[in-house]
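Contents: one structure, followed by commentary.
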Amino acid sequence: MSTQKVLLLEAIHPVAKEQLEKQGFEVERMTSSLSDSELISKLKGFDAVGIRSKTQLTQAVLAESSHLSAVGCFCIGTNQVDLEAANSLGIPVFNAPYSNTRSVAELVISEIIALSRGLFDRSAAAHKGDWMKTASGSHEIRGKTLGLVGYGHIGSQVSVLAEGMGMKVLFYDVIKKLPMGNAQSIETLEELLSQSDFVSLHVPETPETKNMISKQQLMHMKEGGFLINASRGTVVVIEHLVEALKSGHVGGAAVDVFPEEPKNNQEAFHSPLQGLANVILTPHIGGSTEEAQYSIGLEVAESLTRYLSQGSTGGSVNFPQVDLPTLQQGRRLINVHKNVPGVLGKINGIVSSAGVNILAQSLATDAAIGYLVMDMQSSDAKKVFEDIADLETSIKTRQLNS
Ligand code: NAI
């Protein structure tokens, strides 16, 4: 089999190139993104592509690049790829949703202390020559209660770190979650809000979480309590938070995500939260650390390797999920096909009439496609592969050897 080639665009962390090369792939790493036409022409020489957020893999670009085996998004979001088009062309798309978990958790911990000590306002004053030395209104966080809304990857990490600093941790989640350490699950959001000195939001953006924290919920918070939002901008009604901050009911806030955010560093940022006392505003940097970039490089390189070398689609955002053991003997056929009745019968017919023994077979489907992986005991299954690839229902067929 010839060496598979991977193109990495947009200055993806060099660890991805190292990792892929270690696994025997040929890798070209570029620091820029490419325009549609440049991309179409460049991709002709590659089996897979790694991108970040600038490269647009539109339906038109994908249709011209249908030979691609896989796409790796070395980031969290996948909006820049037409996932449906990729699916129907038999191209799985991978991303790294959890590589920056720890970075967000650490930012939140730093903000808990910063809010509790009015750190940002005092620092800004000192920069201007004002000396704001007083203990009044400043508190240790030891012994205080942190309420986490959403106890998934990030929420549970914050939980562990906060307990390490002597905080009492409560959490509210719609799914039953195993508490870390001594954290305590709370039945309702209102109860959690009313018991917490700090409330930190870690829910995803869903119709249920849109405007989840509005006037009513803010009023349930303790007088002078603090709110931290590093989840999604739509979760909090900003105008209501502004009112609660101005009235002093909420003692301070740290906000990293906004309903509307500048698209790039050149665009100006506007928010009704600007200029309010003890409000920390950060430009959606919760997950932006060099360590997170490194982890993303590793995670996506591993997902691409598992797919290109083994056929495993685990972690893909647009493909039926099949996780497979390493191929020990024989040949592995990978076939993406249209999800219509009778496909499996035809494929099995081809295999059995060729007298080839099947060692293992995995099939997963979604509404549009079926993903079949079949390990066969045969030194030469060329004809079988060709016949299956030629089926009218086949979208993509490839072969891996042990
Ligand atoms: P996750 O999926 O691991 O956890 C989310 C948790 O929220 C789950 O346990 C889920 O059951 C729970 N949940 C869902 N709906 C809920 C509801 N209505 N009420 C209570 N709980 C609910 O997600 P993860 O990785 O912890 O991310 C959390 C948030 O952080 C997401 O919105 C994500 O987009 C955001 N994020 C922000 C970053 C930043 O740079 N500020 C970076 C990374 C993630």
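Residues in the structure tokens are numbered from 1 in each chain, the chains being A, B, ... in the order shown, and ligands are numbered from 1 in the order shown.
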Would you write out, as JSON lines, a table of all residues in chain A that have an atom no more than 6 Å from an atom of ligand 1, listing for each the closest atom pair and the distance in Å to one decimal, considering only C-alpha atoms and all ligand atoms and ordering rows by chain and rising residue number?
{"residue": "A:Tyr98", "atom": "CA", "partner": "ligand 1", "partner_atom_place_in_ligand_line": "25 (O)", "distance": 5.6}
{"residue": "A:Asn100", "atom": "CA", "partner": "ligand 1", "partner_atom_place_in_ligand_line": "43 (C)", "distance": 6.0}
{"residue": "A:Val104", "atom": "CA", "partner": "ligand 1", "partner_atom_place_in_ligand_line": "42 (C)", "distance": 5.9}
{"residue": "A:Val149", "atom": "CA", "partner": "ligand 1", "partner_atom_place_in_ligand_line": "20 (C)", "distance": 5.6}
{"residue": "A:Gly150", "atom": "CA", "partner": "ligand 1", "partner_atom_place_in_ligand_line": "7 (O)", "distance": 3.6}
{"residue": "A:Tyr151", "atom": "CA", "partner": "ligand 1", "partner_atom_place_in_ligand_line": "9 (O)", "distance": 4.5}
{"residue": "A:Gly152", "atom": "CA", "partner": "ligand 1", "partner_atom_place_in_ligand_line": "4 (O)", "distance": 3.2}
{"residue": "A:His153", "atom": "CA", "partner": "ligand 1", "partner_atom_place_in_ligand_line": "3 (O)", "distance": 3.8}
{"residue": "A:Ile154", "atom": "CA", "partner": "ligand 1", "partner_atom_place_in_ligand_line": "26 (O)", "distance": 3.7}
{"residue": "A:Gly155", "atom": "CA", "partner": "ligand 1", "partner_atom_place_in_ligand_line": "26 (O)", "distance": 5.6}
{"residue": "A:Tyr172", "atom": "CA", "partner": "ligand 1", "partner_atom_place_in_ligand_line": "20 (C)", "distance": 5.8}
{"residue": "A:Asp173", "atom": "CA", "partner": "ligand 1", "partner_atom_place_in_ligand_line": "21 (N)", "distance": 3.7}
{"residue": "A:Val174", "atom": "CA", "partner": "ligand 1", "partner_atom_place_in_ligand_line": "21 (N)", "distance": 4.6}
{"residue": "A:Ile175", "atom": "CA", "partner": "ligand 1", "partner_atom_place_in_ligand_line": "11 (O)", "distance": 4.8}
{"residue": "A:His202", "atom": "CA", "partner": "ligand 1", "partner_atom_place_in_ligand_line": "28 (C)", "distance": 4.2}
{"residue": "A:Val203", "atom": "CA", "partner": "ligand 1", "partner_atom_place_in_ligand_line": "7 (O)", "distance": 3.8}
{"residue": "A:Pro204", "atom": "CA", "partner": "ligand 1", "partner_atom_place_in_ligand_line": "32 (O)", "distance": 3.4}
{"residue": "A:Glu205", "atom": "CA", "partner": "ligand 1", "partner_atom_place_in_ligand_line": "32 (O)", "distance": 5.4}
{"residue": "A:Glu208", "atom": "CA", "partner": "ligand 1", "partner_atom_place_in_ligand_line": "18 (N)", "distance": 5.1}
{"residue": "A:Thr209", "atom": "CA", "partner": "ligand 1", "partner_atom_place_in_ligand_line": "18 (N)", "distance": 4.9}
{"residue": "A:Ala230", "atom": "CA", "partner": "ligand 1", "partner_atom_place_in_ligand_line": "41 (N)", "distance": 4.2}
{"residue": "A:Ser231", "atom": "CA", "partner": "ligand 1", "partner_atom_place_in_ligand_line": "30 (O)", "distance": 3.7}
{"residue": "A:Arg232", "atom": "CA", "partner": "ligand 1", "partner_atom_place_in_ligand_line": "32 (O)", "distance": 4.9}
{"residue": "A:Asp256", "atom": "CA", "partner": "ligand 1", "partner_atom_place_in_ligand_line": "41 (N)", "distance": 5.7}
{"residue": "A:His284", "atom": "CA", "partner": "ligand 1", "partner_atom_place_in_ligand_line": "40 (O)", "distance": 5.0}
{"residue": "A:Ile285", "atom": "CA", "partner": "ligand 1", "partner_atom_place_in_ligand_line": "40 (O)", "distance": 4.9}
{"residue": "A:Gly286", "atom": "CA", "partner": "ligand 1", "partner_atom_place_in_ligand_line": "40 (O)", "distance": 3.5}
{"residue": "A:Gly287", "atom": "CA", "partner": "ligand 1", "partner_atom_place_in_ligand_line": "40 (O)", "distance": 4.0}
Atoms to include: N, CA and C atoms. Write the selected residues as a CSV table (one decimal), in the first residue's frame.
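Full text of out-v8.csv as output:
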chain,number,residue,atom,x,y,z
A,98,TYR,N,-12.5,18.1,23.9
A,98,TYR,CA,-12.2,18.2,25.3
A,98,TYR,C,-10.7,18.5,25.7
A,100,ASN,N,-9.2,21.2,25.8
A,100,ASN,CA,-8.9,22.4,26.5
A,100,ASN,C,-9.7,22.5,27.8
A,104,VAL,N,-9.8,25.8,30.7
A,104,VAL,CA,-11.0,26.5,31.1
A,104,VAL,C,-11.1,26.4,32.7
A,149,VAL,N,-23.0,24.8,37.6
A,149,VAL,CA,-24.2,24.5,36.8
A,149,VAL,C,-23.7,23.7,35.6
A,150,GLY,N,-23.9,22.4,35.5
A,150,GLY,CA,-23.3,21.6,34.5
A,150,GLY,C,-22.1,20.9,35.1
A,151,TYR,N,-22.1,19.6,35.2
A,151,TYR,CA,-21.0,18.9,35.8
A,151,TYR,C,-20.4,17.9,34.8
A,152,GLY,N,-20.1,18.4,33.6
A,152,GLY,CA,-19.5,17.6,32.6
A,152,GLY,C,-18.0,17.6,32.8
A,153,HIS,N,-17.3,17.6,31.6
A,153,HIS,CA,-15.8,17.6,31.6
A,153,HIS,C,-15.2,18.8,32.4
A,154,ILE,N,-15.7,20.0,32.1
A,154,ILE,CA,-15.1,21.2,32.7
A,154,ILE,C,-15.6,21.3,34.1
A,155,GLY,N,-16.9,21.3,34.3
A,155,GLY,CA,-17.5,21.4,35.7
A,155,GLY,C,-16.8,20.5,36.7
A,172,TYR,N,-25.3,21.2,39.9
A,172,TYR,CA,-26.6,20.9,39.4
A,172,TYR,C,-26.4,20.4,37.9
A,173,ASP,N,-27.0,19.3,37.6
A,173,ASP,CA,-26.8,18.8,36.2
A,173,ASP,C,-28.1,18.1,35.9
A,174,VAL,N,-28.5,18.1,34.6
A,174,VAL,CA,-29.8,17.4,34.2
A,174,VAL,C,-29.6,15.9,34.1
A,175,ILE,N,-28.3,15.5,34.1
A,175,ILE,CA,-28.0,14.0,34.1
A,175,ILE,C,-27.4,13.7,35.4
A,202,HIS,N,-21.3,25.8,33.3
A,202,HIS,CA,-20.6,24.9,32.5
A,202,HIS,C,-21.5,24.0,31.7
A,203,VAL,N,-22.5,24.6,31.1
A,203,VAL,CA,-23.5,23.9,30.3
A,203,VAL,C,-23.2,24.1,28.8
A,204,PRO,N,-23.7,23.2,28.0
A,204,PRO,CA,-23.6,23.4,26.5
A,204,PRO,C,-24.6,24.4,26.0
A,205,GLU,N,-24.5,24.9,24.8
A,205,GLU,CA,-25.5,25.7,24.2
A,205,GLU,C,-26.6,24.9,23.6
A,208,GLU,N,-32.5,24.5,25.8
A,208,GLU,CA,-32.9,24.5,27.2
A,208,GLU,C,-32.0,25.5,28.0
A,209,THR,N,-30.7,25.6,27.5
A,209,THR,CA,-29.8,26.5,28.3
A,209,THR,C,-29.8,28.0,27.8
A,230,ALA,N,-18.1,30.9,31.6
A,230,ALA,CA,-17.1,30.6,30.6
A,230,ALA,C,-17.7,29.5,29.7
A,231,SER,N,-19.0,29.4,29.6
A,231,SER,CA,-19.6,28.4,28.8
A,231,SER,C,-20.0,28.9,27.4
A,232,ARG,N,-21.2,29.4,27.3
A,232,ARG,CA,-21.6,30.0,26.0
A,232,ARG,C,-22.4,31.3,26.3
A,256,ASP,N,-16.5,35.3,30.0
A,256,ASP,CA,-15.5,35.0,28.9
A,256,ASP,C,-16.2,34.8,27.5
A,284,HIS,N,-13.1,35.3,25.2
A,284,HIS,CA,-13.3,33.9,24.9
A,284,HIS,C,-12.0,33.2,24.9
A,285,ILE,N,-11.2,33.3,26.0
A,285,ILE,CA,-9.9,32.7,26.0
A,285,ILE,C,-9.8,31.5,27.0
A,286,GLY,N,-11.0,31.1,27.5
A,286,GLY,CA,-11.0,30.0,28.5
A,286,GLY,C,-10.2,28.8,28.0
A,287,GLY,N,-10.3,28.4,26.8
A,287,GLY,CA,-9.6,27.2,26.3
A,287,GLY,C,-8.3,27.6,25.5
Given only C-alpha atoms, how would the per-residue table for range 74-111 of chain A near range 49-57 of chain A read, listing every residue at most 8 Å away with its closest atom pair and distance in Å to one decimal, sorted by chain and number, as CSV?
residue,atom,partner,partner_atom,distance
A:Phe74,CA,A:Arg52,CA,5.1
A:Cys75,CA,A:Arg52,CA,5.8
A:Gly77,CA,A:Ser53,CA,7.5
A:Thr78,CA,A:Ser53,CA,7.8
A:Gln80,CA,A:Gln56,CA,5.0
A:Val81,CA,A:Leu57,CA,4.6
A:Asp82,CA,A:Leu57,CA,6.3
Just the residues within 10 Å of range 376-391 of chain A, please, counting only C-alpha atoms, with nothing from its chain fewer than 4 positions along; format it as an mmCIF file with all heavy atoms, in the first residue's frame.
data_model
loop_
_atom_site.group_PDB
_atom_site.id
_atom_site.type_symbol
_atom_site.label_atom_id
_atom_site.label_comp_id
_atom_site.auth_asym_id
_atom_site.auth_seq_id
_atom_site.Cartn_x
_atom_site.Cartn_y
_atom_site.Cartn_z
ATOM 1 N N GLN A 329 -4.694 -10.185 11.407
ATOM 2 C CA GLN A 329 -4.402 -11.041 10.248
ATOM 3 C C GLN A 329 -5.402 -10.749 9.135
ATOM 4 O O GLN A 329 -6.480 -10.209 9.382
ATOM 5 C CB GLN A 329 -4.497 -12.509 10.662
ATOM 6 C CG GLN A 329 -5.800 -12.852 11.357
ATOM 7 C CD GLN A 329 -6.036 -14.359 11.419
ATOM 8 O OE1 GLN A 329 -5.873 -15.050 10.422
ATOM 9 N NE2 GLN A 329 -6.441 -14.855 12.559
ATOM 10 N N GLY A 330 -5.024 -11.091 7.919
ATOM 11 C CA GLY A 330 -5.919 -10.926 6.780
ATOM 12 C C GLY A 330 -6.000 -9.493 6.280
ATOM 13 O O GLY A 330 -5.062 -8.702 6.439
ATOM 14 N N ARG A 331 -7.129 -9.185 5.655
ATOM 15 C CA ARG A 331 -7.333 -7.862 5.050
ATOM 16 C C ARG A 331 -8.574 -7.224 5.664
ATOM 17 O O ARG A 331 -9.512 -7.928 6.007
ATOM 18 C CB ARG A 331 -7.620 -7.999 3.548
ATOM 19 C CG ARG A 331 -6.680 -8.915 2.811
ATOM 20 C CD ARG A 331 -5.612 -8.075 2.210
ATOM 21 N NE ARG A 331 -4.454 -8.897 1.918
ATOM 22 C CZ ARG A 331 -3.728 -8.759 0.838
ATOM 23 N NH1 ARG A 331 -4.058 -7.859 -0.052
ATOM 24 N NH2 ARG A 331 -2.679 -9.499 0.651
ATOM 25 N N ARG A 332 -8.544 -5.911 5.744
ATOM 26 C CA ARG A 332 -9.722 -5.206 6.262
ATOM 27 C C ARG A 332 -10.336 -4.382 5.134
ATOM 28 O O ARG A 332 -9.673 -3.562 4.514
ATOM 29 C CB ARG A 332 -9.320 -4.307 7.430
ATOM 30 C CG ARG A 332 -10.468 -3.504 7.999
ATOM 31 C CD ARG A 332 -10.075 -2.901 9.349
ATOM 32 N NE ARG A 332 -10.086 -3.916 10.405
ATOM 33 C CZ ARG A 332 -9.697 -3.694 11.666
ATOM 34 N NH1 ARG A 332 -9.263 -2.498 12.017
ATOM 35 N NH2 ARG A 332 -9.752 -4.657 12.563
ATOM 36 N N LEU A 333 -11.616 -4.651 4.881
ATOM 37 C CA LEU A 333 -12.329 -3.874 3.875
ATOM 38 C C LEU A 333 -13.140 -2.798 4.584
ATOM 39 O O LEU A 333 -13.814 -3.068 5.565
ATOM 40 C CB LEU A 333 -13.290 -4.773 3.103
ATOM 41 C CG LEU A 333 -14.289 -4.012 2.239
ATOM 42 C CD1 LEU A 333 -14.026 -4.228 0.777
ATOM 43 C CD2 LEU A 333 -15.722 -4.369 2.557
ATOM 44 N N ILE A 334 -13.013 -1.583 4.067
ATOM 45 C CA ILE A 334 -13.790 -0.486 4.633
ATOM 46 C C ILE A 334 -14.696 0.047 3.538
ATOM 47 O O ILE A 334 -14.210 0.428 2.465
ATOM 48 C CB ILE A 334 -12.848 0.605 5.159
ATOM 49 C CG1 ILE A 334 -12.102 0.026 6.361
ATOM 50 C CG2 ILE A 334 -13.607 1.864 5.552
ATOM 51 C CD1 ILE A 334 -11.129 0.924 7.000
ATOM 52 N N ASN A 335 -15.969 0.008 3.793
ATOM 53 C CA ASN A 335 -16.917 0.419 2.754
ATOM 54 C C ASN A 335 -17.955 1.378 3.329
ATOM 55 O O ASN A 335 -18.666 1.066 4.270
ATOM 56 C CB ASN A 335 -17.617 -0.836 2.189
ATOM 57 C CG ASN A 335 -18.735 -0.487 1.222
ATOM 58 O OD1 ASN A 335 -19.906 -0.500 1.600
ATOM 59 N ND2 ASN A 335 -18.387 -0.192 -0.009
ATOM 60 N N VAL A 336 -18.003 2.570 2.733
ATOM 61 C CA VAL A 336 -19.060 3.520 3.077
ATOM 62 C C VAL A 336 -20.084 3.411 1.953
ATOM 63 O O VAL A 336 -19.716 3.457 0.770
ATOM 64 C CB VAL A 336 -18.525 4.970 3.142
ATOM 65 C CG1 VAL A 336 -19.622 5.914 3.633
ATOM 66 C CG2 VAL A 336 -17.293 5.058 4.024
ATOM 67 N N HIS A 337 -21.339 3.190 2.327
ATOM 68 C CA HIS A 337 -22.350 3.019 1.286
ATOM 69 C C HIS A 337 -23.616 3.798 1.602
ATOM 70 O O HIS A 337 -23.823 4.231 2.735
ATOM 71 C CB HIS A 337 -22.673 1.533 1.089
ATOM 72 C CG HIS A 337 -23.049 0.838 2.359
ATOM 73 N ND1 HIS A 337 -22.177 0.036 3.065
ATOM 74 C CD2 HIS A 337 -24.205 0.846 3.075
ATOM 75 C CE1 HIS A 337 -22.779 -0.423 4.144
ATOM 76 N NE2 HIS A 337 -24.015 0.047 4.182
ATOM 77 N N VAL A 343 -28.086 -3.639 0.818
ATOM 78 C CA VAL A 343 -26.647 -3.461 0.528
ATOM 79 C C VAL A 343 -25.814 -4.595 1.126
ATOM 80 O O VAL A 343 -24.972 -5.196 0.454
ATOM 81 C CB VAL A 343 -26.135 -2.108 1.085
ATOM 82 C CG1 VAL A 343 -24.651 -1.940 0.806
ATOM 83 C CG2 VAL A 343 -26.912 -0.966 0.487
ATOM 84 N N LYS A 346 -25.926 -7.848 -0.755
ATOM 85 C CA LYS A 346 -25.113 -7.856 -1.984
ATOM 86 C C LYS A 346 -23.633 -8.015 -1.656
ATOM 87 O O LYS A 346 -22.917 -8.787 -2.306
ATOM 88 C CB LYS A 346 -25.316 -6.538 -2.753
ATOM 89 C CG LYS A 346 -26.582 -6.539 -3.589
ATOM 90 C CD LYS A 346 -26.592 -5.332 -4.495
ATOM 91 C CE LYS A 346 -28.015 -5.086 -4.964
ATOM 92 N NZ LYS A 346 -28.332 -3.702 -5.193
ATOM 93 N N ILE A 347 -23.188 -7.296 -0.621
ATOM 94 C CA ILE A 347 -21.765 -7.370 -0.250
ATOM 95 C C ILE A 347 -21.415 -8.788 0.211
ATOM 96 O O ILE A 347 -20.434 -9.383 -0.238
ATOM 97 C CB ILE A 347 -21.424 -6.323 0.833
ATOM 98 C CG1 ILE A 347 -21.499 -4.921 0.218
ATOM 99 C CG2 ILE A 347 -20.049 -6.575 1.449
ATOM 100 C CD1 ILE A 347 -21.263 -3.768 1.183
ATOM 101 N N ASN A 348 -22.261 -9.342 1.090
ATOM 102 C CA ASN A 348 -21.991 -10.695 1.578
ATOM 103 C C ASN A 348 -22.034 -11.714 0.436
ATOM 104 O O ASN A 348 -21.282 -12.691 0.428
ATOM 105 C CB ASN A 348 -22.975 -11.070 2.690
ATOM 106 C CG ASN A 348 -22.612 -10.355 3.988
ATOM 107 O OD1 ASN A 348 -21.467 -9.998 4.196
ATOM 108 N ND2 ASN A 348 -23.603 -10.112 4.841
ATOM 109 N N GLY A 349 -22.924 -11.458 -0.536
ATOM 110 C CA GLY A 349 -23.012 -12.327 -1.723
ATOM 111 C C GLY A 349 -21.690 -12.343 -2.477
ATOM 112 O O GLY A 349 -21.185 -13.411 -2.850
ATOM 113 N N ILE A 350 -21.098 -11.174 -2.666
ATOM 114 C CA ILE A 350 -19.811 -11.075 -3.385
ATOM 115 C C ILE A 350 -18.732 -11.850 -2.624
ATOM 116 O O ILE A 350 -17.967 -12.618 -3.195
ATOM 117 C CB ILE A 350 -19.391 -9.586 -3.544
ATOM 118 C CG1 ILE A 350 -20.342 -8.875 -4.510
ATOM 119 C CG2 ILE A 350 -17.941 -9.468 -4.013
ATOM 120 C CD1 ILE A 350 -20.166 -7.359 -4.579
ATOM 121 N N VAL A 351 -18.719 -11.668 -1.304
ATOM 122 C CA VAL A 351 -17.690 -12.322 -0.490
ATOM 123 C C VAL A 351 -17.861 -13.840 -0.522
ATOM 124 O O VAL A 351 -16.894 -14.583 -0.735
ATOM 125 C CB VAL A 351 -17.745 -11.806 0.973
ATOM 126 C CG1 VAL A 351 -16.732 -12.527 1.846
ATOM 127 C CG2 VAL A 351 -17.483 -10.306 1.020
ATOM 128 N N SER A 352 -19.111 -14.290 -0.348
ATOM 129 C CA SER A 352 -19.282 -15.749 -0.267
ATOM 130 C C SER A 352 -19.061 -16.403 -1.627
ATOM 131 O O SER A 352 -18.484 -17.489 -1.707
ATOM 132 C CB SER A 352 -20.636 -16.120 0.350
ATOM 133 O OG SER A 352 -21.654 -15.784 -0.536
ATOM 134 N N SER A 353 -19.452 -15.745 -2.717
ATOM 135 C CA SER A 353 -19.204 -16.406 -4.009
ATOM 136 C C SER A 353 -17.718 -16.429 -4.359
ATOM 137 O O SER A 353 -17.279 -17.245 -5.151
ATOM 138 C CB SER A 353 -20.054 -15.795 -5.129
ATOM 139 O OG SER A 353 -19.744 -14.451 -5.253
ATOM 140 N N ALA A 354 -16.921 -15.535 -3.707
ATOM 141 C CA ALA A 354 -15.470 -15.596 -3.930
ATOM 142 C C ALA A 354 -14.821 -16.619 -2.995
ATOM 143 O O ALA A 354 -13.614 -16.845 -3.063
ATOM 144 C CB ALA A 354 -14.859 -14.222 -3.684
ATOM 145 N N GLY A 355 -15.629 -17.218 -2.106
ATOM 146 C CA GLY A 355 -15.111 -18.232 -1.181
ATOM 147 C C GLY A 355 -14.192 -17.648 -0.120
ATOM 148 O O GLY A 355 -13.312 -18.326 0.393
ATOM 149 N N VAL A 356 -14.383 -16.373 0.196
ATOM 150 C CA VAL A 356 -13.515 -15.721 1.188
ATOM 151 C C VAL A 356 -14.153 -15.825 2.575
ATOM 152 O O VAL A 356 -15.349 -15.602 2.729
ATOM 153 C CB VAL A 356 -13.299 -14.239 0.794
ATOM 154 C CG1 VAL A 356 -12.631 -13.467 1.919
ATOM 155 C CG2 VAL A 356 -12.453 -14.148 -0.475
ATOM 156 N N ASN A 357 -13.317 -16.152 3.563
ATOM 157 C CA ASN A 357 -13.812 -16.322 4.927
ATOM 158 C C ASN A 357 -13.840 -14.973 5.658
ATOM 159 O O ASN A 357 -12.852 -14.239 5.651
ATOM 160 C CB ASN A 357 -12.884 -17.313 5.653
ATOM 161 C CG ASN A 357 -13.447 -17.712 6.993
ATOM 162 O OD1 ASN A 357 -14.669 -17.714 7.178
ATOM 163 N ND2 ASN A 357 -12.567 -18.023 7.933
ATOM 164 N N ILE A 358 -14.978 -14.640 6.295
ATOM 165 C CA ILE A 358 -15.071 -13.384 7.043
ATOM 166 C C ILE A 358 -14.654 -13.639 8.490
ATOM 167 O O ILE A 358 -15.203 -14.505 9.160
ATOM 168 C CB ILE A 358 -16.507 -12.819 6.998
ATOM 169 C CG1 ILE A 358 -16.880 -12.462 5.554
ATOM 170 C CG2 ILE A 358 -16.636 -11.583 7.886
ATOM 171 C CD1 ILE A 358 -18.304 -11.982 5.370
ATOM 172 N N LEU A 359 -13.687 -12.864 8.986
ATOM 173 C CA LEU A 359 -13.212 -13.026 10.369
ATOM 174 C C LEU A 359 -14.027 -12.174 11.337
ATOM 175 O O LEU A 359 -14.280 -12.574 12.468
ATOM 176 C CB LEU A 359 -11.745 -12.613 10.461
ATOM 177 C CG LEU A 359 -10.765 -13.455 9.646
ATOM 178 C CD1 LEU A 359 -9.404 -12.779 9.603
ATOM 179 C CD2 LEU A 359 -10.646 -14.852 10.236
ATOM 180 N N ALA A 360 -14.409 -10.986 10.898
ATOM 181 C CA ALA A 360 -15.195 -10.082 11.755
ATOM 182 C C ALA A 360 -15.884 -9.055 10.870
ATOM 183 O O ALA A 360 -15.379 -8.697 9.796
ATOM 184 C CB ALA A 360 -14.271 -9.370 12.743
ATOM 185 N N GLN A 361 -17.038 -8.600 11.349
ATOM 186 C CA GLN A 361 -17.775 -7.626 10.551
ATOM 187 C C GLN A 361 -18.433 -6.619 11.504
ATOM 188 O O GLN A 361 -19.052 -7.008 12.487
ATOM 189 C CB GLN A 361 -18.862 -8.369 9.772
ATOM 190 C CG GLN A 361 -19.351 -7.638 8.552
ATOM 191 C CD GLN A 361 -20.348 -8.456 7.751
ATOM 192 O OE1 GLN A 361 -21.267 -9.044 8.324
ATOM 193 N NE2 GLN A 361 -20.189 -8.500 6.449
ATOM 194 N N ILE A 395 -20.049 4.261 -1.773
ATOM 195 C CA ILE A 395 -19.581 5.655 -1.858
ATOM 196 C C ILE A 395 -18.053 5.665 -1.814
ATOM 197 O O ILE A 395 -17.397 6.352 -2.567
ATOM 198 C CB ILE A 395 -20.142 6.489 -0.679
ATOM 199 C CG1 ILE A 395 -21.675 6.522 -0.741
ATOM 200 C CG2 ILE A 395 -19.570 7.895 -0.693
ATOM 201 C CD1 ILE A 395 -22.344 7.113 0.490
ATOM 202 N N LYS A 396 -17.513 4.879 -0.922
ATOM 203 C CA LYS A 396 -16.053 4.846 -0.773
ATOM 204 C C LYS A 396 -15.646 3.466 -0.260
ATOM 205 O O LYS A 396 -16.250 2.951 0.683
ATOM 206 C CB LYS A 396 -15.649 5.916 0.237
ATOM 207 C CG LYS A 396 -14.230 6.305 0.149
ATOM 208 C CD LYS A 396 -14.000 7.669 0.754
ATOM 209 C CE LYS A 396 -13.975 8.705 -0.348
ATOM 210 N NZ LYS A 396 -13.832 10.048 0.143
ATOM 211 N N THR A 397 -14.624 2.885 -0.872
ATOM 212 C CA THR A 397 -14.166 1.570 -0.436
ATOM 213 C C THR A 397 -12.643 1.603 -0.371
ATOM 214 O O THR A 397 -11.996 2.113 -1.281
ATOM 215 C CB THR A 397 -14.601 0.475 -1.442
ATOM 216 O OG1 THR A 397 -16.002 0.592 -1.644
ATOM 217 C CG2 THR A 397 -14.289 -0.926 -0.929
ATOM 218 N N ARG A 398 -12.093 1.145 0.738
ATOM 219 C CA ARG A 398 -10.632 1.050 0.795
ATOM 220 C C ARG A 398 -10.227 -0.209 1.537
ATOM 221 O O ARG A 398 -11.055 -0.866 2.180
ATOM 222 C CB ARG A 398 -9.991 2.300 1.399
ATOM 223 C CG ARG A 398 -10.328 2.577 2.815
ATOM 224 C CD ARG A 398 -9.854 3.971 3.230
ATOM 225 N NE ARG A 398 -10.249 4.212 4.612
ATOM 226 C CZ ARG A 398 -9.416 4.213 5.639
ATOM 227 N NH1 ARG A 398 -8.128 4.007 5.451
ATOM 228 N NH2 ARG A 398 -9.845 4.406 6.871
ATOM 229 N N GLN A 399 -8.964 -0.536 1.423
ATOM 230 C CA GLN A 399 -8.479 -1.796 1.962
ATOM 231 C C GLN A 399 -7.285 -1.554 2.863
ATOM 232 O O GLN A 399 -6.425 -0.737 2.545
ATOM 233 C CB GLN A 399 -8.054 -2.663 0.767
ATOM 234 C CG GLN A 399 -7.391 -3.947 1.141
ATOM 235 C CD GLN A 399 -6.827 -4.645 -0.103
ATOM 236 O OE1 GLN A 399 -7.280 -4.436 -1.215
ATOM 237 N NE2 GLN A 399 -5.829 -5.478 0.104
ATOM 238 N N ASN A 401 -4.200 -3.642 5.136
ATOM 239 C CA ASN A 401 -3.568 -4.949 5.316
ATOM 240 C C ASN A 401 -3.030 -5.094 6.729
ATOM 241 O O ASN A 401 -2.683 -4.095 7.357
ATOM 242 C CB ASN A 401 -2.404 -5.114 4.342
ATOM 243 C CG ASN A 401 -2.890 -5.064 2.910
ATOM 244 O OD1 ASN A 401 -4.035 -5.402 2.623
ATOM 245 N ND2 ASN A 401 -2.031 -4.612 2.023
#
Please run DSSP on the backbone and report, as a ChimeraX atom specification, all residues within range 209-282 of chain A that come out as strand (DSSP E or B).
-> /A:213,225-229,236,250-255,279-281
Surrounding residues of His249 in chain A excluding itself and chain neighbours under 4 positions, 10 Å, only C-alpha atoms, as a list in words |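 Here the answer would be Leu218, Met219, His220, Met221, Lys222, Glu223, Gly224, Gly225, Phe226, Leu241, Glu243, Ala244 and Leu245 of chain A.
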For those residues, write C-alpha atoms to a file as a PDB file, in the first residue's frame.
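Generated file (again.pdb):
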ATOM      1  CA  LEU A 218     -30.131  35.979  39.475  1.00  0.00           C
ATOM      2  CA  MET A 219     -32.573  36.945  42.240  1.00  0.00           C
ATOM      3  CA  HIS A 220     -32.176  33.441  43.695  1.00  0.00           C
ATOM      4  CA  MET A 221     -28.445  34.063  44.113  1.00  0.00           C
ATOM      5  CA  LYS A 222     -27.074  35.106  47.504  1.00  0.00           C
ATOM      6  CA  GLU A 223     -26.800  38.868  48.049  1.00  0.00           C
ATOM      7  CA  GLY A 224     -23.301  39.820  46.882  1.00  0.00           C
ATOM      8  CA  GLY A 225     -22.677  36.413  45.233  1.00  0.00           C
ATOM      9  CA  PHE A 226     -20.460  36.117  42.153  1.00  0.00           C
ATOM     10  CA  LEU A 241     -26.945  40.573  34.759  1.00  0.00           C
ATOM     11  CA  GLU A 243     -29.121  45.261  36.405  1.00  0.00           C
ATOM     12  CA  ALA A 244     -28.192  42.769  39.127  1.00  0.00           C
ATOM     13  CA  LEU A 245     -24.588  44.035  39.171  1.00  0.00           C
TER      14      LEU A 245
END
